[in-house]
>>> print(open('run.cif').read())   # mmCIF, C-alpha atoms
data_my_file
#
loop_
_atom_site.label_atom_id
_atom_site.label_comp_id
_atom_site.auth_asym_id
_atom_site.auth_seq_id
_atom_site.Cartn_x
_atom_site.Cartn_y
_atom_site.Cartn_z
CA MET L 1 0.00 0.00 0.00
CA HIS L 2 1.26 3.49 -0.85
CA ILE L 3 0.42 5.69 2.16
CA VAL L 4 0.77 9.47 2.38
CA GLN L 5 1.29 10.98 5.85
CA PHE L 6 0.48 14.69 5.80
CA PHE L 7 1.48 17.18 8.51
CA ASP L 8 3.02 20.66 8.35
CA GLY L 9 5.60 20.11 11.11
CA VAL L 10 9.20 18.89 11.20
CA ILE L 11 9.22 15.07 11.13
CA PRO L 12 10.70 13.85 13.45
CA PRO L 13 11.02 16.88 15.76
CA PRO L 14 14.40 17.83 17.28
CA THR L 15 12.98 17.82 20.85
CA TYR L 16 9.30 18.53 21.56
CA GLY L 17 6.42 17.84 19.21
CA GLY L 18 3.82 15.22 20.08
CA ILE L 19 2.04 15.03 16.72
CA GLU L 20 5.37 15.05 14.88
CA ARG L 21 6.61 12.09 16.90
CA VAL L 22 3.39 10.14 16.31
CA VAL L 23 3.67 10.72 12.56
CA PHE L 24 7.27 9.51 12.61
CA TRP L 25 6.48 6.44 14.70
CA LEU L 26 3.52 5.49 12.49
CA THR L 27 5.65 5.93 9.37
CA ARG L 28 8.35 3.70 10.83
CA GLU L 29 5.77 1.01 11.65
CA PHE L 30 4.30 1.12 8.15
CA VAL L 31 7.75 0.77 6.59
CA LYS L 32 8.49 -2.19 8.87
CA ASN L 33 5.36 -3.83 7.54
CA GLY L 34 6.46 -3.42 3.93
CA HIS L 35 4.34 -0.42 2.97
CA ARG L 36 5.53 2.46 0.83
CA VAL L 37 5.24 5.80 2.59
CA THR L 38 5.43 9.37 1.36
CA VAL L 39 5.55 12.09 4.01
CA VAL L 40 4.36 15.58 3.10
CA ALA L 41 5.89 17.81 5.78
CA HIS L 42 8.14 20.77 6.54
CA PRO L 43 11.14 20.96 4.18
CA ASN L 44 13.58 20.75 7.12
CA SER L 45 12.26 17.35 8.17
CA PRO L 46 15.14 14.87 8.64
CA ILE L 47 12.92 11.83 8.21
CA VAL L 48 14.78 10.47 5.19
CA GLU L 49 18.00 10.43 7.23
CA ARG L 50 16.24 8.22 9.78
CA LEU L 51 14.14 6.20 7.33
CA PRO L 52 15.90 6.07 3.92
CA ASP L 53 13.02 4.17 2.27
CA VAL L 54 10.62 7.05 2.91
CA THR L 55 10.01 9.84 0.38
CA LEU L 56 9.75 13.39 1.72
CA VAL L 57 7.67 15.91 -0.23
CA PRO L 58 8.43 19.42 1.12
CA LEU L 59 5.42 21.44 2.20
CA HIS L 60 6.28 25.11 1.74
CA PRO L 61 4.15 27.98 3.12
CA GLY L 62 3.65 29.24 -0.41
CA ASN L 63 2.08 26.03 -1.73
CA LYS L 64 -1.25 27.14 -3.17
CA ASP L 65 -2.88 23.73 -3.37
CA TYR L 66 -1.65 20.80 -1.30
CA ARG L 67 -3.25 18.41 -3.78
CA ASP L 68 -0.44 19.14 -6.22
CA LEU L 69 1.95 17.49 -3.72
CA ILE L 70 0.15 14.14 -3.52
CA PRO L 71 1.78 11.43 -5.66
CA ASN L 72 -0.45 10.14 -8.45
CA ASP L 73 -0.08 6.53 -7.32
CA ALA L 74 -0.90 7.22 -3.66
CA GLU L 75 -3.64 4.90 -2.41
CA VAL L 76 -4.62 6.67 0.80
CA ILE L 77 -3.85 9.99 2.51
CA HIS L 78 -3.67 10.37 6.28
CA PHE L 79 -4.02 14.01 7.32
CA HIS L 80 -2.79 14.99 10.78
CA ASN L 81 -3.97 18.56 10.28
CA VAL L 82 -6.96 19.67 8.26
CA PRO L 83 -6.47 21.52 4.96
CA PRO L 84 -9.16 24.11 4.05
CA ILE L 85 -12.73 22.84 3.95
CA GLY L 86 -13.82 22.33 0.36
CA ASN L 87 -10.40 21.15 -0.82
CA GLN L 88 -10.94 17.47 -0.26
CA PRO L 89 -8.71 15.17 -2.30
CA ASP L 90 -9.94 12.86 -5.01
CA LYS L 91 -8.25 9.95 -3.23
CA PRO L 92 -9.31 7.94 -0.15
CA PHE L 93 -8.33 9.70 3.07
CA ILE L 94 -8.76 9.89 6.83
CA VAL L 95 -8.15 12.83 9.18
CA THR L 96 -6.87 12.49 12.75
CA GLU L 97 -7.99 15.25 15.10
CA HIS L 98 -5.17 15.59 17.65
CA GLY L 99 -6.60 18.39 19.79
CA ASN L 100 -9.71 20.05 21.20
CA ARG L 101 -10.97 22.79 18.89
CA LYS L 102 -13.42 24.79 20.96
CA ARG L 103 -14.48 27.18 18.20
CA PHE L 104 -13.80 24.93 15.24
CA ARG L 105 -16.63 24.11 12.86
CA GLY L 106 -16.61 22.15 9.67
CA TYR L 107 -14.92 18.80 10.17
CA TRP L 108 -14.06 16.65 7.20
CA PRO L 109 -15.62 13.23 6.70
CA ASN L 110 -13.55 10.30 8.00
CA THR L 111 -12.36 12.30 11.01
CA VAL L 112 -10.85 10.06 13.69
CA PHE L 113 -10.22 10.92 17.34
CA LEU L 114 -7.59 9.72 19.83
CA SER L 115 -9.67 8.06 22.55
CA GLU L 116 -13.23 7.19 23.46
CA SER L 117 -13.68 10.32 25.58
CA HIS L 118 -12.06 12.50 22.90
CA ALA L 119 -14.58 11.22 20.37
CA LYS L 120 -17.55 11.64 22.74
CA ASN L 121 -16.49 15.19 23.61
CA HIS L 122 -16.81 16.01 19.90
CA HIS L 123 -20.04 14.06 19.35
CA GLY L 124 -18.07 11.49 17.36
CA SER L 125 -17.62 7.75 17.74
CA VAL L 126 -14.56 6.68 15.74
CA TYR L 127 -11.18 6.73 17.45
CA VAL L 128 -7.73 5.15 17.43
CA TYR L 129 -5.55 5.32 20.51
CA ASN L 130 -2.14 6.80 19.99
CA GLY L 131 0.75 4.70 21.15
CA ILE L 132 4.47 4.75 21.72
CA PRO L 133 7.31 2.48 20.57
CA LYS L 134 7.89 0.61 23.82
CA GLU L 135 11.30 -0.56 22.65
CA ASP L 136 12.45 3.08 22.86
CA TYR L 137 11.42 3.30 26.53
CA PRO L 138 13.08 0.49 28.53
CA LEU L 139 11.61 -0.58 31.85
CA ASN L 140 13.41 0.59 34.98
CA PRO L 141 11.81 -0.58 38.27
CA GLU L 142 14.43 1.19 40.41
CA LYS L 143 13.05 4.60 41.37
CA LEU L 144 14.51 7.73 42.96
CA ASP L 145 12.51 9.94 45.29
CA TYR L 146 11.34 12.70 42.97
CA MET L 147 8.19 13.68 41.08
CA LEU L 148 8.55 14.59 37.41
CA TYR L 149 6.67 17.39 35.66
CA MET L 150 7.14 16.83 31.92
CA ALA L 151 5.06 19.32 29.94
CA LYS L 152 5.12 22.94 28.87
CA LEU L 153 5.62 25.03 32.02
CA ASP L 154 2.00 26.10 32.14
CA TRP L 155 0.12 27.37 35.19
CA ARG L 156 -3.48 26.70 34.17
CA ALA L 157 -4.04 23.78 31.79
CA LYS L 158 -0.92 21.82 32.81
CA ASN L 159 -1.22 22.92 36.46
CA ALA L 160 2.44 23.60 37.29
CA LYS L 161 1.41 25.52 40.40
CA THR L 162 -0.18 22.43 41.94
CA ALA L 163 2.94 20.38 41.17
CA ILE L 164 5.09 22.87 43.08
CA ASN L 165 2.66 23.02 45.99
CA LEU L 166 2.62 19.23 46.24
CA SER L 167 6.41 19.18 46.39
CA LEU L 168 6.55 21.81 49.12
CA ASP L 169 3.78 20.17 51.17
CA THR L 170 4.91 16.54 50.91
CA GLY L 171 8.68 17.04 50.82
CA ILE L 172 9.11 15.05 47.62
CA ALA L 173 11.55 16.67 45.20
CA LEU L 174 10.14 17.99 41.94
CA LYS L 175 11.95 18.08 38.60
CA LEU L 176 10.29 20.44 36.13
CA THR L 177 10.85 20.48 32.38
CA GLY L 178 9.34 22.54 29.60
CA GLY L 179 10.64 26.01 30.45
CA ASN L 180 12.70 28.14 32.81
CA LEU L 181 10.97 28.12 36.18
CA TRP L 182 13.02 30.93 37.68
CA ARG L 183 12.17 33.37 34.90
CA SER L 184 8.47 33.21 35.69
CA ARG L 185 7.13 36.08 37.78
CA LYS L 186 4.55 33.71 39.25
CA VAL L 187 7.29 31.87 41.12
CA TRP L 188 8.39 34.97 42.98
CA GLY L 189 4.93 35.89 44.25
CA LEU L 190 3.63 35.57 47.79
CA TRP L 191 2.36 32.10 46.85
CA LEU L 192 5.91 30.73 47.03
CA LEU L 193 7.29 32.77 49.92
CA ARG L 194 6.06 30.16 52.37
CA GLY L 195 8.40 27.70 50.72
CA LEU L 196 11.61 29.72 50.59
CA LEU L 197 13.27 27.33 53.02
CA LYS L 198 12.31 24.40 50.79
CA LEU L 199 13.48 25.70 47.42
CA ASP L 200 16.10 22.96 47.29
CA LEU L 201 13.18 20.61 46.49
CA LEU L 202 12.59 22.31 43.13
CA HIS L 203 14.88 21.43 40.23
CA ASN L 204 14.52 23.24 36.92
CA GLU L 205 15.49 20.94 34.04
CA GLY L 206 14.49 23.25 31.17
CA GLY L 207 13.94 21.75 27.75
CA VAL L 208 14.98 18.11 27.64
CA GLY L 209 15.15 15.41 25.01
CA GLY L 210 17.01 12.28 24.07
CA ARG L 211 18.96 10.44 26.76
CA ARG L 212 18.28 13.03 29.47
CA LYS L 213 14.53 12.84 28.98
CA LEU L 214 14.58 9.05 29.09
CA ASP L 215 16.70 9.08 32.23
CA LEU L 216 14.24 11.40 33.98
CA LEU L 217 11.28 9.24 32.97
CA GLN L 218 12.90 5.98 34.04
CA LYS L 219 13.99 7.08 37.50
CA ALA L 220 11.05 9.21 38.63
CA ARG L 221 8.92 7.99 41.51
CA VAL L 222 5.86 9.35 39.71
CA LEU L 223 4.88 11.51 36.75
CA PHE L 224 2.73 14.52 37.66
CA TYR L 225 -0.22 14.80 35.26
CA LEU L 226 -2.95 16.61 37.17
CA ILE L 227 -4.05 18.53 34.11
CA ASN L 228 -7.00 20.92 34.02
CA TRP L 229 -8.27 20.16 30.55
CA HIS L 230 -9.80 17.32 28.57
CA GLU L 231 -6.75 15.30 27.53
CA PRO L 232 -7.32 13.79 24.06
CA PHE L 233 -4.78 11.02 24.76
CA GLY L 234 -1.52 11.91 26.55
CA LEU L 235 1.83 10.76 25.18
CA ALA L 236 3.88 11.69 28.26
CA PRO L 237 1.91 9.37 30.58
CA HIS L 238 2.50 6.47 28.20
CA GLU L 239 6.20 7.24 27.94
CA ALA L 240 6.33 7.14 31.74
CA LEU L 241 4.26 3.96 31.97
CA ALA L 242 6.49 2.15 29.49
CA CYS L 243 9.47 3.02 31.71
CA GLY L 244 7.65 1.58 34.72
CA THR L 245 6.81 4.98 36.21
CA PRO L 246 3.29 5.44 37.64
CA VAL L 247 1.22 8.50 36.84
CA LEU L 248 -0.55 10.87 39.23
CA ALA L 249 -3.49 11.96 37.09
CA SER L 250 -6.74 13.87 37.11
CA PRO L 251 -9.86 12.10 35.77
CA ASN L 252 -10.03 14.41 32.76
CA GLY L 253 -10.37 13.27 29.17
CA ALA L 254 -8.69 10.01 28.22
CA LEU L 255 -6.70 9.59 31.43
CA ALA L 256 -9.37 7.49 33.13
CA GLU L 257 -9.30 5.10 30.15
CA TYR L 258 -5.80 3.83 30.92
CA ILE L 259 -4.87 4.85 34.47
CA ASP L 260 -5.92 1.92 36.65
CA ASN L 261 -6.23 3.51 40.07
CA GLY L 262 -3.70 2.06 42.52
CA LYS L 263 -2.13 -0.24 39.90
CA ASN L 264 -0.30 1.96 37.41
CA GLY L 265 -0.90 5.29 39.10
CA PHE L 266 -3.60 7.25 40.86
CA LEU L 267 -6.66 9.14 39.64
CA VAL L 268 -7.38 11.95 42.10
CA SER L 269 -10.03 14.65 42.14
CA ASP L 270 -8.75 17.00 44.84
CA TYR L 271 -5.56 18.19 46.47
CA LYS L 272 -5.90 16.03 49.58
CA GLU L 273 -6.21 12.87 47.48
CA ALA L 274 -3.10 13.89 45.55
CA CYS L 275 -1.07 14.27 48.77
CA GLU L 276 -2.31 10.91 50.03
CA ALA L 277 -1.38 9.22 46.74
CA LEU L 278 2.17 10.57 46.93
CA GLU L 279 2.53 9.36 50.51
CA ARG L 280 1.28 5.94 49.48
CA LEU L 281 3.85 5.75 46.69
CA ARG L 282 6.69 6.71 49.04
CA ASP L 283 5.61 4.09 51.59
CA MET L 284 5.72 1.22 49.08
CA SER L 285 8.27 -1.53 49.60
CA ALA L 286 10.84 -2.35 46.93
CA SER L 287 8.82 -5.38 45.84
CA GLU L 288 5.59 -3.35 45.63
CA THR L 289 7.36 -0.68 43.59
CA ARG L 290 8.73 -3.31 41.21
CA HIS L 291 5.31 -4.94 40.82
CA MET L 292 3.71 -1.59 40.02
CA ALA L 293 6.47 -0.79 37.52
CA GLU L 294 5.86 -4.05 35.68
CA TYR L 295 2.12 -3.38 35.53
CA CYS L 296 2.81 0.14 34.26
CA ARG L 297 4.86 -1.27 31.43
CA THR L 298 2.11 -3.67 30.42
CA SER L 299 -0.57 -0.96 30.45
CA ALA L 300 1.24 1.47 28.11
CA ARG L 301 -0.34 1.51 24.67
CA SER L 302 1.87 0.54 21.75
CA ILE L 303 2.37 2.34 18.44
CA THR L 304 2.23 -1.09 16.79
CA ASP L 305 -1.42 -1.45 17.79
CA SER L 306 -2.12 2.09 16.64
CA ALA L 307 -0.56 1.41 13.22
CA GLN L 308 -2.57 -1.77 12.77
CA ALA L 309 -5.81 0.04 13.62
CA TYR L 310 -5.05 2.75 11.07
CA LEU L 311 -4.16 0.19 8.39
CA ALA L 312 -7.59 -1.37 8.86
CA MET L 313 -9.15 2.09 8.41
CA TYR L 314 -7.08 2.71 5.28
CA GLU L 315 -8.38 -0.51 3.78
CA THR L 316 -11.94 0.50 4.67
CA VAL L 317 -11.78 3.90 2.97
CA ILE L 318 -10.00 2.43 -0.05
CA GLU L 319 -12.77 -0.13 -0.42
CA ARG L 320 -15.82 1.92 0.61
CA GLY L 321 -14.65 5.54 0.42
CA GLU L 322 -15.85 6.33 3.95
CA LEU L 323 -15.53 5.24 7.57
CA TYR L 324 -19.06 6.41 8.38
CA PRO L 325 -21.77 8.41 6.59
CA PRO L 326 -20.24 11.76 5.54
CA GLU L 327 -23.19 13.71 6.95
CA ASP L 328 -22.16 12.58 10.45
CA ALA L 329 -19.14 14.90 10.21
CA LYS L 330 -21.50 17.88 10.17
CA HIS L 331 -22.43 17.18 13.79
CA ILE L 332 -18.85 17.07 15.11
CA TRP L 333 -17.96 19.91 17.50
CA PHE L 334 -16.27 20.24 20.87
CA ASP L 335 -18.84 20.04 23.65
CA PRO L 336 -17.43 18.29 26.73
CA PRO L 337 -18.96 17.87 30.17
CA HIS L 338 -17.62 20.05 32.98
CA SER L 339 -13.96 19.32 33.71
CA LYS L 340 -12.96 18.80 37.32
CA ILE L 341 -10.26 21.19 38.44
CA ILE L 342 -7.51 20.30 40.86
CA LYS L 343 -5.98 23.36 42.44
CA ARG L 344 -4.84 24.81 45.73
#
>>> encode(input="run.cif", output="structure tokens")
Amino acid sequence: MHIVQFFDGVIPPPTYGGIERVVFWLTREFVKNGHRVTVVAHPNSPIVERLPDVTLVPLHPGNKDYRDLIPNDAEVIHFHNVPPIGNQPDKPFIVTEHGNRKRFRGYWPNTVFLSESHAKNHHGSVYVYNGIPKEDYPLNPEKLDYMLYMAKLDWRAKNAKTAINLSLDTGIALKLTGGNLWRSRKVWGLWLLRGLLKLDLLHNEGGVGGRRKLDLLQKARVLFYLINWHEPFGLAPHEALACGTPVLASPNGALAEYIDNGKNGFLVSDYKEACEALERLRDMSASETRHMAEYCRTSARSITDSAQAYLAMYETVIERGELYPPEDAKHIWFDPPHSKIIKR
């Protein structure tokens, strides 16, 4: 099968870039399975250096019509961002929605979401879980006593403030990535003055990738993921789980679909529950920690399963032209239930 992967980012990304990494991982899986893959992406994408059998078609900002970039013999196109409505290709296609578009209207037919809750929040029903290449994230059941914050240093949606408060209140060290903590004015407010004597608990890691990122994931006692938004899927939790690191999560979006409370992490709905979960983790014996790490590894979703699910969808649209009646796409829009907020 000749598959086109379409996304306007750099594939693979130099450090951060969740969608970019998923596109790269899927492409690698398809190539492993003997498929021919063309990637339409940013001209600086180094994908051919990593996967020599792949063809890169540069997507320049000045391209007037993306359809001119699609090879004539392509059998299916997989869009990871949506070109303008009305410019649908004359070839079979699917579209993966990777985010939550609050004001977005006009979804294409064959739109696929990332989890059951992601689909329901958009009044859809078709989804494919993302996954990670587990072989890239080796299991490490030996943990150090720190909590890891691995996301953009964000105070509202990603809830960095709660992570810092948990560290100061429980005494567990916190390693923060995704920005420079000490350059944020929020850190120097009255909110943190109570913890001046405990600032040695906070470790600013900045932007991380490669070996350093893996090392942080493997050795953390727990990954902090008490997010205040409807998570479509969550790559970072799965990267942690594959390494044997449990996840402290809020019950928002897809998190409740793969965090098994008390087995591979904890789902908490308020600050007190979060503190109690951290204390429980620290009180675990070495054998209990190892057992949880092994279960974490098993529960992480694999990119192999994701690729197989997409291949089945490709075959469906090649054969039938649609995953579901096209008129169903007219009813897709972001309308979630109220999201629980964890704050202090």
>>> resolve_selection(input="run.cif", expression="the PyMOL selection byres ((chain L and resi 26-28) around 8)", output="ChimeraX atom specification")
/L:5,22-25,29-32,37,51,303-304,306-307
>>> closest_residue(input="run.cif", among="L:Met1, L:Leu255, L:Ile11, L:Val268", to="L:His118", atoms="only C-alpha atoms")
L:Leu255
>>> resolve_selection(input="run.cif", expression="the PyMOL selection byres ((chain L and resi 140) around 6)", output="list in words")
Leu139, Pro141, Glu142, Gln218, Cys243 and Gly244 of chain L
>>> closest_residue(input="run.cif", among="L:Lys158, L:Arg36, L:Lys152, L:Lys143", to="L:Ala220", atoms="all atoms listed in the file")
L:Lys143
>>> atom_distance(input="run.cif", atom1="atom CA of L:Lys102", atom2="atom CA of L:Pro232")
13.0 Å
>>> resolve_selection(input="run.cif", expression="the PyMOL selection byres ((chain L and resi 41-47) around 9)", output="list in words")
Gln5, Phe6, Phe7, Asp8, Gly9, Val10, Ile11, Pro12, Pro13, Phe24, Val39, Val40, Val48, Glu49, Arg50, Leu51, Pro52, Val54, Thr55, Leu56, Val57, Pro58, Leu59, His60 and Pro61 of chain L
>>> atom_distance(input="run.cif", atom1="atom CA of L:Met150", atom2="atom CA of L:His238")
11.9 Å
>>> residues_around(input="run.cif", residues="L:Leu114", least_positions_apart="6", cutoff="9 Å", atoms="all atoms listed in the file", output="PyMOL selection string")
chain L and resi 96-99+126-130+232-233+254
>>> residues_around(input="run.cif", residues="L:Pro325", least_positions_apart="3", cutoff="10 Å", atoms="all atoms listed in the file", output="PyMOL selection string")
chain L and resi 109-110+321-322+328-329
>>> write_last_selection(input="run.cif", atoms="C-alpha atoms", output="mmCIF file, keeping the file's coordinate frame")
data_model
loop_
_atom_site.group_PDB
_atom_site.id
_atom_site.type_symbol
_atom_site.label_atom_id
_atom_site.label_comp_id
_atom_site.auth_asym_id
_atom_site.auth_seq_id
_atom_site.Cartn_x
_atom_site.Cartn_y
_atom_site.Cartn_z
ATOM 1 C CA PRO L 109 -15.620 13.230 6.700
ATOM 2 C CA ASN L 110 -13.550 10.300 8.000
ATOM 3 C CA GLY L 321 -14.650 5.540 0.420
ATOM 4 C CA GLU L 322 -15.850 6.330 3.950
ATOM 5 C CA ASP L 328 -22.160 12.580 10.450
ATOM 6 C CA ALA L 329 -19.140 14.900 10.210
#
>>> atom_distance(input="run.cif", atom1="atom CA of L:Glu315", atom2="atom CA of L:Pro133")
23.2 Å
>>> closest_residue(input="run.cif", among="L:Ala173, L:Leu223, L:Leu217, L:Leu278", to="L:Asn204", atoms="only C-alpha atoms")
L:Ala173
>>> residues_around(input="run.cif", residues="L:Met147", least_positions_apart="5", cutoff="8 Å", atoms="all atoms listed in the file", output="PyMOL selection string")
chain L and resi 167+172-175+220-224
>>> residues_around(input="run.cif", residues="L:Arg320", least_positions_apart="6", cutoff="12 Å", atoms="all atoms listed in the file", output="list in words")
Lys91, Pro92, Phe93, Asn110, Met313, Tyr314 and Pro326 of chain L
>>> residues_around(input="run.cif", residues="L:Leu281", least_positions_apart="3", cutoff="10 Å", atoms="only C-alpha atoms", output="PyMOL selection string")
chain L and resi 145+221-222+246+262+265-266+276-278+284-285+288-289+292
